[in-house]
Amino acid sequence: MVASVGDAHTTIAFEPSMAYPFSFRWFEDGIVNLMTVEKHSHTLNKKLVAINGVKIDEVVSALSEAISHENRAWIKKMVPQYLVFTAYLDGLGIVEMNEPARFTFADKNGDKLIVEAVPFDPTSKVEFVKNYEYSPQYLKNKGEYYWYEYLNDEATLYFKYNLCMNKKDKPLSVVTEAMLSSLEEKDVKKVIIDLRGNGGGNSGLLNSFIEGLHGNGEINRKGRIFVLVDRNTFSSAVINAIDLKNKTEAILVGEPTGGKPNHYGEVRYFNLPNTGLRVFYSTKYFEYVEGNPASLFPDRQIKLTLQDFLNNRDPVLEAIILLSFGTTMKYLNSKLGLNPGNYHSAGRNASNF
C-alpha cells in the first residue's frame, strides 16, 4: 500500500527477521552475488538467474511492487537488498517463510548451478566471505560527510560529497572556503564534484560552493567542471546536481539518479497503532525542471560492469581523468592501479565526451 503511492520518500520502516546468506549488487550485466557463507563460496561473482524456479526478471517485477520508487534507477539500488529477506519473498509467493530456498546462479559461460540456502538471523554473527577488493577513489573516507583533495598530477580538485549535512567540528562552509581558495592558489584545470552515494539532506549547504564556481571565470568553462551521479544520488543531492548543471558549465557523468528531479519531500511520520510500524510520508512537492523526467540523466552515461568491479576500476573517474592536462598514465598507474590493458576501455569512455 505504501509503495503504491509512487513516492520514494514515502516508505515504511520494516526490518525482516530472517535473511538468506547472500549479498547482491546489480551491475550493468546483471544481479551478482558478491558475498556469502563459506558453504556457498562457489556462487561468488556469479549472476542470480532464479529463486525457487522463478526467473529473476519475474522476481524483480514482483519485488518492485513492494518498493517505494519513482524510477528504474532506484529499483536497481533497492532490489538487491530485498532479494535476501524471506518476509518479502514469502509475501510474494516465491519462498516459504523462513524455509530453505533454491537459488540458481550462472557463470560467465552461462553454465548454471543451484544451491539450497537456509535463512539466518541477520543480527547474529555469521562469517561472510568474498574474493574481491573494491576500493576506488570515491569510496575513501566513507564515514566522512565530505572531503576533498588536490590531485597534483592532474591539476584536479576532487570533492567527495557523501551527505548533505554539516559536521559540527568542521562545517561545510569551512571546507567550501578552503576549496575556493585552492582554485585561486593552485593550478586547477578541472573540478570534480562526486555526488555518487549521496542520499540527500539539506541542499542549501552547497550553495556557496556552487556560487563560487559560477563566479570563477577561469574554471567555469566547458570541460572544466564535472559532476558524478549514480542510482544512489537522491533527494537534496539531485537538487545540488541540477543547480550545478544550471548555474555552471558542469558536465554530468555516471548513471541516472535514483532520486527524481521533481519530487515530494519534507518527510514526516506516524506509527501504525497495532503493529507499531513507522510510516514516513512526504508533505511538500518540489519542482526544479520542466516536464516530469523519471531521473536526472547524466550528459554522459557510464555504468559499472562486473568486470570493472572485480578489476577495482572506476570507469567514470577514469574517463574524466583521461581528459586531463597532466600526466595521465602516471595518474592511472599510481592512483587507480590500472594496467595497460585497461587503458583501451577507459579511453573509449573518455571519447564519449
# chains A, B, ... in the order shown; residues from 1 in each chain; ligands from 1
$ residues_around --residues "stretch 3-15 of chain A" --least-positions-apart "2" --cutoff "10 Å" --atoms "only C-alpha atoms" --output "count of residues only"
37
$ residues_around --residues "A:Leu304" --least-positions-apart "2" --cutoff "9 Å" --atoms "only C-alpha atoms" --output "mmCIF file with C-alpha atoms, in the first residue's frame"
data_model
loop_
_atom_site.group_PDB
_atom_site.id
_atom_site.type_symbol
_atom_site.label_atom_id
_atom_site.label_comp_id
_atom_site.auth_asym_id
_atom_site.auth_seq_id
_atom_site.Cartn_x
_atom_site.Cartn_y
_atom_site.Cartn_z
ATOM 1 C CA PHE A 27 25.639 -4.367 -12.336
ATOM 2 C CA GLU A 28 25.128 -3.343 -15.929
ATOM 3 C CA ASP A 29 25.389 -7.032 -16.838
ATOM 4 C CA GLY A 254 27.614 8.451 -14.499
ATOM 5 C CA GLU A 255 24.222 6.745 -14.080
ATOM 6 C CA ILE A 302 28.948 5.360 -17.920
ATOM 7 C CA LEU A 306 31.076 -6.720 -13.036
ATOM 8 C CA GLN A 307 34.488 -6.832 -14.702
ATOM 9 C CA ASP A 308 35.131 -3.188 -13.767
ATOM 10 C CA PHE A 309 34.263 -4.049 -10.178
ATOM 11 C CA ARG A 313 38.166 0.109 -11.605
ATOM 12 C CA ASP A 314 36.077 3.266 -11.568
ATOM 13 C CA PRO A 315 35.251 3.818 -15.264
ATOM 14 C CA VAL A 316 33.504 7.129 -14.527
#
$ atom_distance --atom1 "atom CA of A:Leu63" --atom2 "atom CA of A:Gly91"
9.7 Å
$ closest_residue --among "A:Arg196, A:Lys112, A:Lys55, A:Arg25" --to "A:Thr233" --atoms "only C-alpha atoms"
A:Arg196
$ select_by_dssp --residues "stretch 150-272 of chain A" --states "alpha helix (DSSP H)" --output "MDAnalysis selection string"
chainID A and resid 172:185 207:214 236:247
$ select_by_dssp --residues "stretch 25-268 of chain A" --states "strand (DSSP E or B)" --output "tab-separated table (two decimals) with C-alpha atoms, in the first residue's frame"
chain	number	residue	atom	x	y	z
A	25	ARG	CA	24.70	-6.00	-6.38
A	26	TRP	CA	23.04	-5.02	-9.66
A	27	PHE	CA	25.64	-4.37	-12.34
A	30	GLY	CA	23.11	-8.48	-14.15
A	31	ILE	CA	22.50	-9.11	-10.44
A	32	VAL	CA	25.58	-10.72	-8.92
A	33	ASN	CA	26.36	-12.41	-5.61
A	34	LEU	CA	29.39	-10.72	-4.04
A	35	MET	CA	29.43	-12.19	-0.52
A	36	THR	CA	28.14	-15.36	1.11
A	47	LYS	CA	24.76	-13.93	-11.68
A	48	LEU	CA	21.49	-14.76	-9.97
A	49	VAL	CA	19.03	-16.13	-12.53
A	50	ALA	CA	16.20	-17.64	-10.45
A	51	ILE	CA	14.82	-18.24	-6.95
A	54	VAL	CA	11.07	-18.22	-10.58
A	55	LYS	CA	13.13	-16.32	-13.15
A	85	PHE	CA	14.78	-11.32	3.01
A	101	ALA	CA	15.08	-21.84	-0.92
A	102	ARG	CA	16.81	-22.82	-4.17
A	103	PHE	CA	18.97	-20.06	-5.68
A	104	THR	CA	20.06	-20.59	-9.28
A	105	PHE	CA	23.25	-18.89	-10.48
A	106	ALA	CA	25.03	-18.71	-13.82
A	112	LYS	CA	24.10	-22.90	-14.13
A	113	LEU	CA	24.38	-24.15	-10.57
A	114	ILE	CA	21.71	-24.44	-7.90
A	115	VAL	CA	22.24	-24.16	-4.15
A	116	GLU	CA	19.77	-24.64	-1.34
A	117	ALA	CA	20.19	-21.76	1.08
A	120	PHE	CA	19.63	-16.95	9.18
A	129	VAL	CA	33.46	-14.48	2.53
A	146	TYR	CA	32.51	15.40	2.80
A	147	TRP	CA	36.19	15.61	1.93
A	148	TYR	CA	38.41	16.84	-0.87
A	149	GLU	CA	41.91	16.56	-2.20
A	150	TYR	CA	44.03	18.18	-4.87
A	151	LEU	CA	45.29	15.68	-7.44
A	156	THR	CA	42.31	18.49	-10.47
A	157	LEU	CA	40.32	19.42	-7.37
A	158	TYR	CA	38.32	16.35	-6.35
A	159	PHE	CA	35.41	16.92	-3.92
A	160	LYS	CA	33.52	13.95	-2.50
A	161	TYR	CA	30.15	14.93	-1.09
A	164	CYS	CA	24.17	16.92	2.60
A	190	LYS	CA	39.46	20.70	-13.52
A	191	VAL	CA	36.93	20.34	-10.67
A	192	ILE	CA	35.14	17.06	-9.94
A	193	ILE	CA	32.13	17.08	-7.59
A	194	ASP	CA	31.31	13.46	-6.79
A	201	GLY	CA	19.83	16.13	3.49
A	225	ILE	CA	33.64	21.08	-14.11
A	226	PHE	CA	32.29	17.53	-13.81
A	227	VAL	CA	29.50	16.25	-11.55
A	228	LEU	CA	29.34	12.49	-10.90
A	229	VAL	CA	25.97	10.87	-10.12
A	251	ILE	CA	29.01	18.13	-17.33
A	252	LEU	CA	27.08	15.36	-15.55
A	253	VAL	CA	28.63	11.88	-15.78
A	254	GLY	CA	27.61	8.45	-14.50
A	263	HIS	CA	9.73	15.14	-6.25
A	264	TYR	CA	7.88	15.16	-2.97
A	265	GLY	CA	9.76	15.72	0.27
A	268	ARG	CA	7.09	13.34	8.47
